[in-house]
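Listing of upload-v5.cif; format and content: mmCIF, C-alpha atoms.
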```
data_work
loop_
_atom_site.group_PDB
_atom_site.id
_atom_site.type_symbol
_atom_site.label_atom_id
_atom_site.label_comp_id
_atom_site.auth_asym_id
_atom_site.auth_seq_id
_atom_site.Cartn_x
_atom_site.Cartn_y
_atom_site.Cartn_z
ATOM 1 C CA MET A 1 3.649 -0.976 20.199
ATOM 2 C CA TYR A 2 3.471 -4.776 20.133
ATOM 3 C CA GLU A 3 1.050 -6.542 17.826
ATOM 4 C CA LEU A 4 0.427 -9.881 16.133
ATOM 5 C CA ALA A 5 0.441 -9.923 12.348
ATOM 6 C CA TYR A 6 -1.624 -13.153 12.151
ATOM 7 C CA PRO A 7 -3.642 -13.508 15.379
ATOM 8 C CA TRP A 8 -5.942 -16.063 13.737
ATOM 9 C CA MET A 9 -3.092 -18.582 14.055
ATOM 10 C CA PHE A 10 -4.170 -19.175 17.677
ATOM 11 C CA ALA A 11 -7.113 -21.142 16.287
ATOM 12 C CA LEU A 12 -4.558 -23.956 15.839
ATOM 13 C CA LEU A 13 -4.020 -24.354 19.619
ATOM 14 C CA PRO A 14 -6.510 -27.244 20.010
ATOM 15 C CA LEU A 15 -5.008 -29.112 17.036
ATOM 16 C CA PRO A 16 -2.846 -31.577 19.102
ATOM 17 C CA ILE A 17 -5.848 -32.457 21.282
ATOM 18 C CA LEU A 18 -7.979 -33.131 18.201
ATOM 19 C CA ILE A 19 -5.269 -35.336 16.683
ATOM 20 C CA TRP A 20 -4.870 -37.288 19.957
ATOM 21 C CA TRP A 21 -8.632 -37.770 20.161
ATOM 22 C CA LEU A 22 -9.390 -38.597 16.524
ATOM 23 C CA VAL A 23 -6.268 -40.494 15.419
ATOM 24 C CA PRO A 24 -5.758 -43.878 17.202
ATOM 25 C CA ALA A 25 -2.398 -44.848 18.652
ATOM 26 C CA TYR A 26 -0.085 -46.765 16.377
ATOM 27 C CA LYS A 27 0.118 -50.483 17.163
ATOM 28 C CA GLN A 28 2.456 -53.060 15.662
ATOM 29 C CA LYS A 29 2.493 -56.825 16.088
ATOM 30 C CA LYS A 30 5.800 -58.702 16.228
ATOM 31 C CA ASP A 31 6.632 -62.370 16.376
ATOM 32 C CA ALA A 32 8.072 -63.679 19.640
ATOM 33 C CA LEU A 33 11.483 -65.326 19.781
ATOM 34 C CA TYR A 34 11.638 -68.654 21.597
ATOM 35 C CA TYR A 35 14.805 -69.017 23.665
ATOM 36 C CA PRO A 36 15.327 -72.552 25.125
ATOM 37 C CA LYS A 37 17.517 -71.394 28.017
ATOM 38 C CA PHE A 38 15.274 -68.518 29.107
ATOM 39 C CA ASP A 39 14.973 -69.766 32.692
ATOM 40 C CA GLU A 40 18.742 -69.990 33.079
ATOM 41 C CA LEU A 41 19.072 -66.449 31.721
ATOM 42 C CA THR A 42 16.584 -65.026 34.217
ATOM 43 C CA GLU A 43 18.366 -66.751 37.099
ATOM 44 C CA ALA A 44 21.700 -65.357 35.963
ATOM 45 C CA THR A 45 20.452 -61.795 35.627
ATOM 46 C CA GLY A 46 18.166 -61.813 38.623
ATOM 47 C CA LEU A 47 15.299 -60.282 36.625
ATOM 48 C CA LYS A 48 11.730 -61.472 36.964
ATOM 49 C CA PRO A 49 9.942 -62.177 33.668
ATOM 50 C CA GLN A 50 6.502 -60.675 33.033
ATOM 51 C CA LYS A 51 3.578 -62.116 31.109
ATOM 52 C CA SER A 52 2.873 -58.939 29.095
ATOM 53 C CA ALA A 53 4.869 -56.248 27.379
ATOM 54 C CA THR A 54 5.702 -52.998 29.155
ATOM 55 C CA ILE A 55 4.071 -49.931 27.625
ATOM 56 C CA LEU A 56 5.827 -46.672 28.338
ATOM 57 C CA LYS A 57 3.385 -43.935 29.244
ATOM 58 C CA ARG A 58 4.007 -40.217 29.191
ATOM 59 C CA ARG A 59 3.936 -38.460 32.500
ATOM 60 C CA TRP A 60 1.835 -35.379 33.241
ATOM 61 C CA PHE A 61 4.787 -32.996 33.048
ATOM 62 C CA GLN A 62 5.587 -34.219 29.538
ATOM 63 C CA TYR A 63 2.099 -33.359 28.364
ATOM 64 C CA LEU A 64 2.398 -29.951 30.005
ATOM 65 C CA ILE A 65 5.782 -29.164 28.488
ATOM 66 C CA ASN A 66 4.727 -30.370 25.029
ATOM 67 C CA PHE A 67 1.597 -28.229 25.144
ATOM 68 C CA LEU A 68 3.586 -25.185 26.258
ATOM 69 C CA ALA A 69 6.032 -25.802 23.403
ATOM 70 C CA TRP A 70 3.112 -25.985 20.954
ATOM 71 C CA CYS A 71 1.754 -22.700 22.323
ATOM 72 C CA CYS A 72 5.131 -21.104 21.646
ATOM 73 C CA VAL A 73 5.196 -22.467 18.082
ATOM 74 C CA VAL A 74 1.703 -21.067 17.407
ATOM 75 C CA THR A 75 2.778 -17.719 18.886
ATOM 76 C CA ALA A 76 5.780 -17.668 16.529
ATOM 77 C CA MET A 77 3.482 -18.435 13.559
ATOM 78 C CA SER A 78 1.292 -15.464 14.539
ATOM 79 C CA ASN A 79 4.360 -13.302 13.785
ATOM 80 C CA PRO A 80 4.675 -11.061 16.864
ATOM 81 C CA GLN A 81 6.360 -7.770 16.088
ATOM 82 C CA TYR A 82 7.246 -4.463 17.628
ATOM 83 C CA ILE A 83 6.161 -1.433 15.587
ATOM 84 C CA GLY A 84 7.803 1.869 16.464
ATOM 85 C CA GLU A 85 6.374 5.333 16.118
ATOM 86 C CA PRO A 86 6.176 6.604 12.509
ATOM 87 C CA ALA A 87 8.922 8.996 11.568
ATOM 88 C CA LYS A 88 6.986 12.109 10.553
ATOM 89 C CA LYS A 89 8.707 14.660 8.389
ATOM 90 C CA VAL A 90 7.460 18.134 7.547
ATOM 91 C CA LYS A 91 7.638 18.865 3.832
ATOM 92 C CA ASN A 92 7.079 22.013 1.800
ATOM 93 C CA ALA A 93 5.117 21.328 -1.351
ATOM 94 C CA ARG A 94 2.438 22.529 -3.684
ATOM 95 C CA ASN A 95 -0.625 20.475 -4.384
ATOM 96 C CA MET A 96 -2.229 21.332 -7.714
ATOM 97 C CA LEU A 97 -4.568 19.841 -10.278
ATOM 98 C CA ILE A 98 -3.857 20.554 -13.948
ATOM 99 C CA ALA A 99 -6.897 20.326 -16.230
ATOM 100 C CA ALA A 100 -5.999 20.516 -19.951
ATOM 101 C CA ASP A 101 -8.308 20.799 -22.929
ATOM 102 C CA ILE A 102 -7.601 18.138 -25.592
ATOM 103 C CA SER A 103 -10.616 18.826 -27.817
ATOM 104 C CA MET A 104 -10.258 19.211 -31.581
ATOM 105 C CA SER A 105 -9.805 22.977 -31.293
ATOM 106 C CA MET A 106 -6.369 22.356 -29.759
ATOM 107 C CA ASN A 107 -5.313 20.968 -33.139
ATOM 108 C CA THR A 108 -5.159 24.511 -34.564
ATOM 109 C CA THR A 109 -1.660 25.209 -35.957
ATOM 110 C CA ASP A 110 -1.303 28.903 -35.149
ATOM 111 C CA TRP A 111 1.612 28.626 -32.688
ATOM 112 C CA PHE A 112 5.360 28.466 -33.386
ATOM 113 C CA ASP A 113 8.176 26.646 -31.608
ATOM 114 C CA ALA A 114 11.600 28.096 -30.729
ATOM 115 C CA ASP A 115 12.855 27.392 -34.278
ATOM 116 C CA GLY A 116 9.935 29.201 -35.891
ATOM 117 C CA ASN A 117 8.182 26.013 -37.034
ATOM 118 C CA ARG A 118 4.392 26.043 -37.015
ATOM 119 C CA ILE A 119 2.964 23.667 -34.382
ATOM 120 C CA THR A 120 -0.452 22.881 -32.909
ATOM 121 C CA ARG A 121 -1.658 24.527 -29.738
ATOM 122 C CA TRP A 122 -1.626 21.191 -27.920
ATOM 123 C CA LYS A 123 1.983 20.493 -28.954
ATOM 124 C CA ALA A 124 3.005 23.893 -27.553
ATOM 125 C CA VAL A 125 1.105 23.202 -24.340
ATOM 126 C CA GLN A 126 2.764 19.779 -24.050
ATOM 127 C CA ASN A 127 6.250 21.298 -24.335
ATOM 128 C CA VAL A 128 5.619 24.068 -21.816
ATOM 129 C CA LEU A 129 3.690 21.801 -19.448
ATOM 130 C CA THR A 130 6.507 19.240 -19.440
ATOM 131 C CA ASP A 131 9.034 21.926 -18.467
ATOM 132 C CA PHE A 132 6.645 23.195 -15.822
ATOM 133 C CA ILE A 133 6.287 19.700 -14.285
ATOM 134 C CA ASP A 134 10.086 19.227 -14.323
ATOM 135 C CA LYS A 135 10.378 22.205 -11.951
ATOM 136 C CA ARG A 136 7.799 20.807 -9.511
ATOM 137 C CA GLU A 137 10.228 18.630 -7.537
ATOM 138 C CA GLY A 138 8.595 17.774 -4.210
ATOM 139 C CA ASP A 139 5.135 18.827 -5.362
ATOM 140 C CA ARG A 140 2.091 16.612 -5.749
ATOM 141 C CA ILE A 141 0.252 16.974 -9.043
ATOM 142 C CA GLY A 142 -3.033 15.606 -10.332
ATOM 143 C CA LEU A 143 -3.869 15.580 -14.029
ATOM 144 C CA MET A 144 -7.165 15.944 -15.830
ATOM 145 C CA MET A 145 -7.760 15.734 -19.580
ATOM 146 C CA PHE A 146 -11.102 16.787 -20.959
ATOM 147 C CA GLY A 147 -12.967 16.989 -24.241
ATOM 148 C CA SER A 148 -16.454 15.543 -24.498
ATOM 149 C CA ASP A 149 -15.441 13.264 -21.606
ATOM 150 C CA VAL A 150 -13.165 13.866 -18.627
ATOM 151 C CA PHE A 151 -10.293 11.623 -17.534
ATOM 152 C CA ALA A 152 -8.455 12.221 -14.247
ATOM 153 C CA LEU A 153 -5.205 11.006 -12.709
ATOM 154 C CA PRO A 154 -5.193 11.402 -8.883
ATOM 155 C CA PHE A 155 -2.561 13.394 -7.005
ATOM 156 C CA THR A 156 0.855 11.802 -6.942
ATOM 157 C CA PRO A 157 4.426 12.868 -6.127
ATOM 158 C CA ASP A 158 5.628 10.657 -9.007
ATOM 159 C CA LEU A 159 5.964 13.399 -11.609
ATOM 160 C CA ASP A 160 7.343 10.992 -14.220
ATOM 161 C CA ILE A 161 3.886 9.416 -14.460
ATOM 162 C CA ILE A 162 2.348 12.848 -15.012
ATOM 163 C CA LYS A 163 4.860 13.751 -17.737
ATOM 164 C CA HIS A 164 4.430 10.393 -19.447
ATOM 165 C CA THR A 165 0.649 10.837 -19.482
ATOM 166 C CA VAL A 166 0.970 14.334 -20.959
ATOM 167 C CA ASP A 167 3.360 13.093 -23.651
ATOM 168 C CA GLU A 168 1.163 10.137 -24.616
ATOM 169 C CA THR A 169 -2.114 12.094 -24.724
ATOM 170 C CA GLY A 170 -3.348 13.067 -28.156
ATOM 171 C CA ILE A 171 -5.948 15.512 -29.410
ATOM 172 C CA GLY A 172 -9.459 14.100 -29.584
ATOM 173 C CA MET A 173 -8.799 11.168 -27.230
ATOM 174 C CA ALA A 174 -11.543 12.474 -24.921
ATOM 175 C CA GLY A 175 -13.914 13.501 -27.723
ATOM 176 C CA HIS A 176 -14.382 16.548 -29.946
ATOM 177 C CA LYS A 177 -16.306 18.856 -27.609
ATOM 178 C CA THR A 178 -15.056 21.047 -24.734
ATOM 179 C CA ALA A 179 -16.798 20.059 -21.481
ATOM 180 C CA VAL A 180 -15.328 22.742 -19.205
ATOM 181 C CA GLY A 181 -18.215 22.513 -16.726
ATOM 182 C CA ASN A 182 -17.854 18.750 -16.339
ATOM 183 C CA ALA A 183 -14.106 19.100 -15.736
ATOM 184 C CA ILE A 184 -14.645 21.605 -12.921
ATOM 185 C CA ALA A 185 -17.388 19.452 -11.388
ATOM 186 C CA LEU A 186 -15.177 16.344 -11.436
ATOM 187 C CA SER A 187 -12.300 18.240 -9.810
ATOM 188 C CA THR A 188 -14.247 18.362 -6.526
ATOM 189 C CA GLN A 189 -14.178 14.554 -6.387
ATOM 190 C CA VAL A 190 -10.452 14.455 -7.127
ATOM 191 C CA PHE A 191 -9.742 16.911 -4.293
ATOM 192 C CA GLU A 192 -12.036 15.109 -1.860
ATOM 193 C CA ALA A 193 -9.990 11.932 -2.352
ATOM 194 C CA ASP A 194 -6.833 13.800 -1.266
ATOM 195 C CA SER A 195 -5.741 14.516 2.313
ATOM 196 C CA ILE A 196 -4.111 17.950 1.824
ATOM 197 C CA ASP A 197 -6.258 21.029 2.412
ATOM 198 C CA GLN A 198 -4.679 23.213 -0.302
ATOM 199 C CA ARG A 199 -6.890 22.980 -3.387
ATOM 200 C CA VAL A 200 -5.509 24.718 -6.472
ATOM 201 C CA MET A 201 -6.598 23.956 -10.018
ATOM 202 C CA ILE A 202 -5.082 25.173 -13.296
ATOM 203 C CA LEU A 203 -7.687 25.089 -16.066
ATOM 204 C CA LEU A 204 -6.350 25.415 -19.610
ATOM 205 C CA THR A 205 -8.636 25.700 -22.652
ATOM 206 C CA ASP A 206 -8.896 27.498 -25.997
ATOM 207 C CA GLY A 207 -12.614 27.335 -26.730
ATOM 208 C CA GLN A 208 -16.134 27.665 -25.411
ATOM 209 C CA ASP A 209 -17.904 25.194 -23.187
ATOM 210 C CA SER A 210 -19.857 22.583 -25.141
ATOM 211 C CA GLY A 211 -21.315 19.244 -24.186
ATOM 212 C CA SER A 212 -21.236 19.852 -20.420
ATOM 213 C CA GLU A 213 -23.996 18.614 -18.170
ATOM 214 C CA ILE A 214 -23.381 21.549 -15.842
ATOM 215 C CA VAL A 215 -22.790 25.224 -16.672
ATOM 216 C CA PRO A 216 -19.139 26.247 -15.989
ATOM 217 C CA ILE A 217 -20.176 29.242 -13.861
ATOM 218 C CA THR A 218 -22.387 27.028 -11.673
ATOM 219 C CA ALA A 219 -19.617 24.426 -11.425
ATOM 220 C CA SER A 220 -17.150 27.126 -10.341
ATOM 221 C CA GLN A 221 -19.527 28.256 -7.593
ATOM 222 C CA MET A 222 -19.725 24.672 -6.333
ATOM 223 C CA ALA A 223 -15.919 24.467 -6.462
ATOM 224 C CA SER A 224 -15.674 27.677 -4.448
ATOM 225 C CA GLU A 225 -17.850 26.118 -1.736
ATOM 226 C CA ASP A 226 -15.300 23.297 -1.552
ATOM 227 C CA SER A 227 -12.436 25.842 -1.168
ATOM 228 C CA ILE A 228 -11.022 25.134 -4.638
ATOM 229 C CA LYS A 229 -9.090 28.008 -6.207
ATOM 230 C CA ILE A 230 -9.050 27.914 -10.021
ATOM 231 C CA TYR A 231 -6.480 29.672 -12.209
ATOM 232 C CA THR A 232 -7.769 29.789 -15.774
ATOM 233 C CA ILE A 233 -5.578 30.046 -18.873
ATOM 234 C CA GLY A 234 -7.086 30.985 -22.202
ATOM 235 C CA ILE A 235 -5.117 29.684 -25.185
ATOM 236 C CA GLY A 236 -5.099 31.994 -28.207
ATOM 237 C CA THR A 237 -7.137 35.156 -28.714
ATOM 238 C CA LYS A 238 -10.844 35.599 -28.900
ATOM 239 C CA LYS A 239 -10.983 35.607 -32.698
ATOM 240 C CA SER A 240 -7.666 34.023 -33.645
ATOM 241 C CA SER A 241 -9.363 31.105 -35.425
ATOM 242 C CA GLN A 242 -12.732 29.513 -36.133
ATOM 243 C CA TYR A 243 -12.797 28.483 -32.458
ATOM 244 C CA GLU A 244 -13.825 31.437 -30.324
ATOM 245 C CA LEU A 245 -12.192 31.775 -26.897
ATOM 246 C CA ASP A 246 -14.745 32.439 -24.162
ATOM 247 C CA ASP A 247 -12.507 34.632 -22.008
ATOM 248 C CA LYS A 248 -15.515 36.130 -20.212
ATOM 249 C CA THR A 249 -16.503 32.748 -18.762
ATOM 250 C CA LEU A 250 -12.898 31.962 -17.847
ATOM 251 C CA LYS A 251 -12.622 35.265 -15.994
ATOM 252 C CA MET A 252 -15.843 34.539 -14.099
ATOM 253 C CA ILE A 253 -14.599 31.070 -13.137
ATOM 254 C CA ALA A 254 -11.370 32.526 -11.722
ATOM 255 C CA GLN A 255 -13.231 35.333 -9.969
ATOM 256 C CA ASN A 256 -15.761 32.975 -8.333
ATOM 257 C CA THR A 257 -13.012 30.808 -6.847
ATOM 258 C CA GLY A 258 -10.492 33.493 -5.857
ATOM 259 C CA GLY A 259 -8.093 32.621 -8.669
ATOM 260 C CA GLU A 260 -6.841 34.616 -11.625
ATOM 261 C CA TYR A 261 -7.329 34.589 -15.388
ATOM 262 C CA PHE A 262 -4.395 34.560 -17.848
ATOM 263 C CA ASN A 263 -4.338 34.739 -21.615
ATOM 264 C CA ALA A 264 -1.604 33.118 -23.686
ATOM 265 C CA GLY A 265 -1.310 33.846 -27.377
ATOM 266 C CA ASN A 266 2.088 32.232 -27.853
ATOM 267 C CA VAL A 267 4.688 30.020 -26.185
ATOM 268 C CA GLU A 268 6.498 32.928 -24.502
ATOM 269 C CA GLU A 269 3.320 34.191 -22.853
ATOM 270 C CA LEU A 270 2.426 30.668 -21.701
ATOM 271 C CA ASN A 271 5.877 30.298 -20.120
ATOM 272 C CA THR A 272 5.415 33.617 -18.332
ATOM 273 C CA ILE A 273 2.077 32.457 -16.944
ATOM 274 C CA TYR A 274 3.578 29.268 -15.552
ATOM 275 C CA ASP A 275 6.371 31.306 -13.942
ATOM 276 C CA LYS A 276 3.713 33.345 -12.149
ATOM 277 C CA LEU A 277 1.953 30.193 -11.016
ATOM 278 C CA ASN A 278 5.280 28.985 -9.672
ATOM 279 C CA GLU A 279 5.214 31.853 -7.190
ATOM 280 C CA MET A 280 2.237 30.363 -5.357
ATOM 281 C CA GLU A 281 2.878 30.044 -1.619
ATOM 282 C CA PRO A 282 3.959 26.507 -0.701
ATOM 283 C CA ILE A 283 2.215 24.674 2.099
ATOM 284 C CA GLN A 284 3.546 22.522 4.892
ATOM 285 C CA PHE A 285 2.253 19.050 5.564
ATOM 286 C CA GLU A 286 3.366 16.104 7.628
ATOM 287 C CA ASP A 287 4.403 13.108 5.621
ATOM 288 C CA GLU A 288 4.231 9.836 7.522
ATOM 289 C CA GLY A 289 7.367 7.997 6.600
ATOM 290 C CA TYR A 290 8.729 4.568 7.455
ATOM 291 C CA ARG A 291 7.466 2.866 10.605
ATOM 292 C CA PRO A 292 10.302 0.755 12.072
ATOM 293 C CA THR A 293 9.193 -2.856 12.550
ATOM 294 C CA ARG A 294 11.102 -5.489 14.487
ATOM 295 C CA LEU A 295 10.086 -9.145 14.054
ATOM 296 C CA LEU A 296 9.992 -11.138 17.322
ATOM 297 C CA PHE A 297 8.973 -14.611 16.126
ATOM 298 C CA TYR A 298 12.372 -16.043 17.069
ATOM 299 C CA ILE A 299 11.720 -15.512 20.800
ATOM 300 C CA PRO A 300 8.753 -17.918 21.203
ATOM 301 C CA LEU A 301 10.396 -20.253 18.687
ATOM 302 C CA GLY A 302 13.533 -20.370 20.839
ATOM 303 C CA VAL A 303 11.465 -21.014 23.967
ATOM 304 C CA ALA A 304 9.703 -23.896 22.181
ATOM 305 C CA PHE A 305 13.074 -25.409 21.261
ATOM 306 C CA LEU A 306 14.327 -25.145 24.857
ATOM 307 C CA LEU A 307 11.125 -26.734 26.180
ATOM 308 C CA ALA A 308 11.460 -29.646 23.727
ATOM 309 C CA ILE A 309 15.089 -30.237 24.718
ATOM 310 C CA SER A 310 14.319 -29.974 28.438
ATOM 311 C CA SER A 311 11.380 -32.388 28.057
ATOM 312 C CA GLN A 312 13.639 -35.043 26.548
ATOM 313 C CA PHE A 313 16.321 -34.456 29.160
ATOM 314 C CA ILE A 314 13.848 -34.801 32.041
ATOM 315 C CA PHE A 315 12.352 -37.941 30.487
ATOM 316 C CA ILE A 316 15.781 -39.580 30.161
ATOM 317 C CA LEU A 317 16.654 -38.584 33.719
ATOM 318 C CA VAL A 318 13.424 -40.051 35.114
ATOM 319 C CA GLN A 319 13.942 -43.309 33.223
ATOM 320 C CA PHE A 320 17.487 -43.537 34.520
ATOM 321 C CA ILE A 321 16.379 -43.015 38.119
ATOM 322 C CA SER A 322 13.572 -45.576 37.705
ATOM 323 C CA SER A 323 15.953 -48.210 36.356
ATOM 324 C CA ILE A 324 18.294 -47.684 39.307
ATOM 325 C CA ASN A 325 15.403 -48.099 41.746
ATOM 326 C CA ARG A 326 14.287 -51.327 40.031
ATOM 327 C CA ARG A 327 17.770 -52.789 40.300
ATOM 328 C CA LYS A 328 17.957 -51.949 44.000
ATOM 329 C CA SER A 329 14.593 -53.598 44.608
#
```
How would this structure read if it were set down as structure tokens?
Amino acid sequence: MYELAYPWMFALLPLPILIWWLVPAYKQKKDALYYPKFDELTEATGLKPQKSATILKRRWFQYLINFLAWCCVVTAMSNPQYIGEPAKKVKNARNMLIAADISMSMNTTDWFDADGNRITRWKAVQNVLTDFIDKREGDRIGLMMFGSDVFALPFTPDLDIIKHTVDETGIGMAGHKTAVGNAIALSTQVFEADSIDQRVMILLTDGQDSGSEIVPITASQMASEDSIKIYTIGIGTKKSSQYELDDKTLKMIAQNTGGEYFNAGNVEELNTIYDKLNEMEPIQFEDEGYRPTRLLFYIPLGVAFLLAISSQFIFILVQFISSINRRKS
């Protein structure tokens, strides 16, 4: 397919005509040289003197050639190019949105790392989530952090950005409450901005909904209407701390959307859950890759150069023939 990158350049076509019309011709006065033996010189050469100077005028073909050359220059400036068909490649990938609770309840230190050191729930989630993202090569992941407010990162195949965001996110950055309903409601907007039909969300929280403008069950029903499947993960047990896990609501959210509910009381269980999520069926989608583009500006530019050279050659040839005719006459 041929196209012009800058078609508005053709607005410059009338520019030479405007310059010729608005800018007057350059005139220069020179003093005459008196030669006492001028008559003898004219008799010796056989030339007839004239009373006025001779003004060379351009011929019609010169105007035509110059205008054609200008048209070629403008065409080159418009950057003509040939764009080939896009190389489409079928890829297998998952497309999932991870929504993680970063409210103050995630600061509870009732989990242990591999060395037996006590750590916060969020630190354990960070470690497991980072390993989970490392295994998602080829997948597209969106990220959502929620507390009182909800912050979302759209789907991207650049998993390093996702990992960096997870590592740099701290507890309480989105507020102290746990707006589960708002997070589910916002997920519909994140999915609508994406082109892939598969809509899978992983919702991870350790508390009860608080501070939401929409009830989580109602939000899950709206998500189901948009074909969003939600896998819910409850962190901790129902009465493992002062923060009470609302596993009943999480089960209802998963049930309404065709997902599944998981409960993780420690790092090992959380790893097992992510291994199960890894068994989700991949989807196929066409990825539009590089479109080969070939620049063609050099063709009209070369034609303009040839026209300019030929114009000068024809002008010199005509002047030479005219001088020969004058001598014969």
(request) Counting all atoms listed in the file, figure out which residue out of A:Leu186, A:Ile217, A:Leu64, A:Ala5 gets nearest to Tyr82 of chain A. (result)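 Residue with the minimum atom-to-atom distance to Tyr82 of chain A: A:Ala5.
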(message) Please enumerate the residues selected by the PyMOL selection byres ((chain A and resi 218) around 10) when evaluated against the supplied file, formatted as JSON, numbers by chain.
(response) {"A": [181, 184, 185, 214, 215, 216, 217, 219, 220, 221, 222, 223, 224, 253, 256]}
(request) Would you list the contacts of Leu68 of chain A as an MDAnalysis selection string, taking every protein, DNA or RNA residue within 8 Å and counting all atoms listed in the file, but skipping same-chain residues closer than 3 positions in sequence? (result) chainID A and resid 64:65 71:72 304 307
(request) Select, counting all atoms listed in the file, all protein, DNA and RNA residues no farther than 12 Å from (-15.0, 35.6, -20.7) in file coordinates, and express the selection as number ranges by chain. (result) A: 205-209, 216-217, 232-234, 237-238, 244-255, 261-263
Residues within 12 Å of Phe132 of chain A, please, as a PDB file with C-alpha atoms, in the frame of the given file. Count only C-alpha atoms; anything in the same chain fewer than 4 positions from it doesn't count.
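The new file around.pdb reads:
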```pdb
ATOM      1  CA  ILE A  98      -3.857  20.554 -13.948  1.00  0.00           C
ATOM      2  CA  VAL A 125       1.105  23.202 -24.340  1.00  0.00           C
ATOM      3  CA  GLN A 126       2.764  19.779 -24.050  1.00  0.00           C
ATOM      4  CA  ASN A 127       6.250  21.298 -24.335  1.00  0.00           C
ATOM      5  CA  VAL A 128       5.619  24.068 -21.816  1.00  0.00           C
ATOM      6  CA  ARG A 136       7.799  20.807  -9.511  1.00  0.00           C
ATOM      7  CA  GLU A 137      10.228  18.630  -7.537  1.00  0.00           C
ATOM      8  CA  ASP A 139       5.135  18.827  -5.362  1.00  0.00           C
ATOM      9  CA  ILE A 141       0.252  16.974  -9.043  1.00  0.00           C
ATOM     10  CA  LEU A 159       5.964  13.399 -11.609  1.00  0.00           C
ATOM     11  CA  ILE A 162       2.348  12.848 -15.012  1.00  0.00           C
ATOM     12  CA  LYS A 163       4.860  13.751 -17.737  1.00  0.00           C
ATOM     13  CA  VAL A 166       0.970  14.334 -20.959  1.00  0.00           C
ATOM     14  CA  LEU A 270       2.426  30.668 -21.701  1.00  0.00           C
ATOM     15  CA  ASN A 271       5.877  30.298 -20.120  1.00  0.00           C
ATOM     16  CA  THR A 272       5.415  33.617 -18.332  1.00  0.00           C
ATOM     17  CA  ILE A 273       2.077  32.457 -16.944  1.00  0.00           C
ATOM     18  CA  TYR A 274       3.578  29.268 -15.552  1.00  0.00           C
ATOM     19  CA  ASP A 275       6.371  31.306 -13.942  1.00  0.00           C
ATOM     20  CA  LYS A 276       3.713  33.345 -12.149  1.00  0.00           C
ATOM     21  CA  LEU A 277       1.953  30.193 -11.016  1.00  0.00           C
ATOM     22  CA  ASN A 278       5.280  28.985  -9.672  1.00  0.00           C
TER      23      ASN A 278
END
```
(message) Counting all atoms listed in the file, which residue out of A:Phe305, A:Phe315, A:Trp8, A:Trp21 sits closest to Phe61 of chain A?
(response) A:Phe315
(message) List as a list in words the protein and nucleic acid residues near Glu168 of chain A, meaning an atom at most 12 Å away when only C-alpha atoms are counted, but skip any in the same chain fewer than 4 places from it.
(response)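 In the requested form, the answer reads Ile102, Trp122, Lys123, Gln126, Thr130, Met145, Ile161, Ile162, Lys163, His164 and Met173 of chain A.
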(request) Decode the PyMOL selection byres ((chain A and resi 194) around 12) for the given file into explicit residues and return them as a PyMOL selection string. (result) chain A and resi 95-97+140-142+153-156+187-193+195-199
(message) Using Å and a single decimal, report how far atom CA of Ala308 of chain A sits from atom CA of Ile324 of chain A.
(response)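 Here the two named atoms are 24.8 Å from each other.
For the pair atom CA of Glu213 of chain A and atom CA of Glu260 of chain A, the interatomic distance is 24.4 Å.
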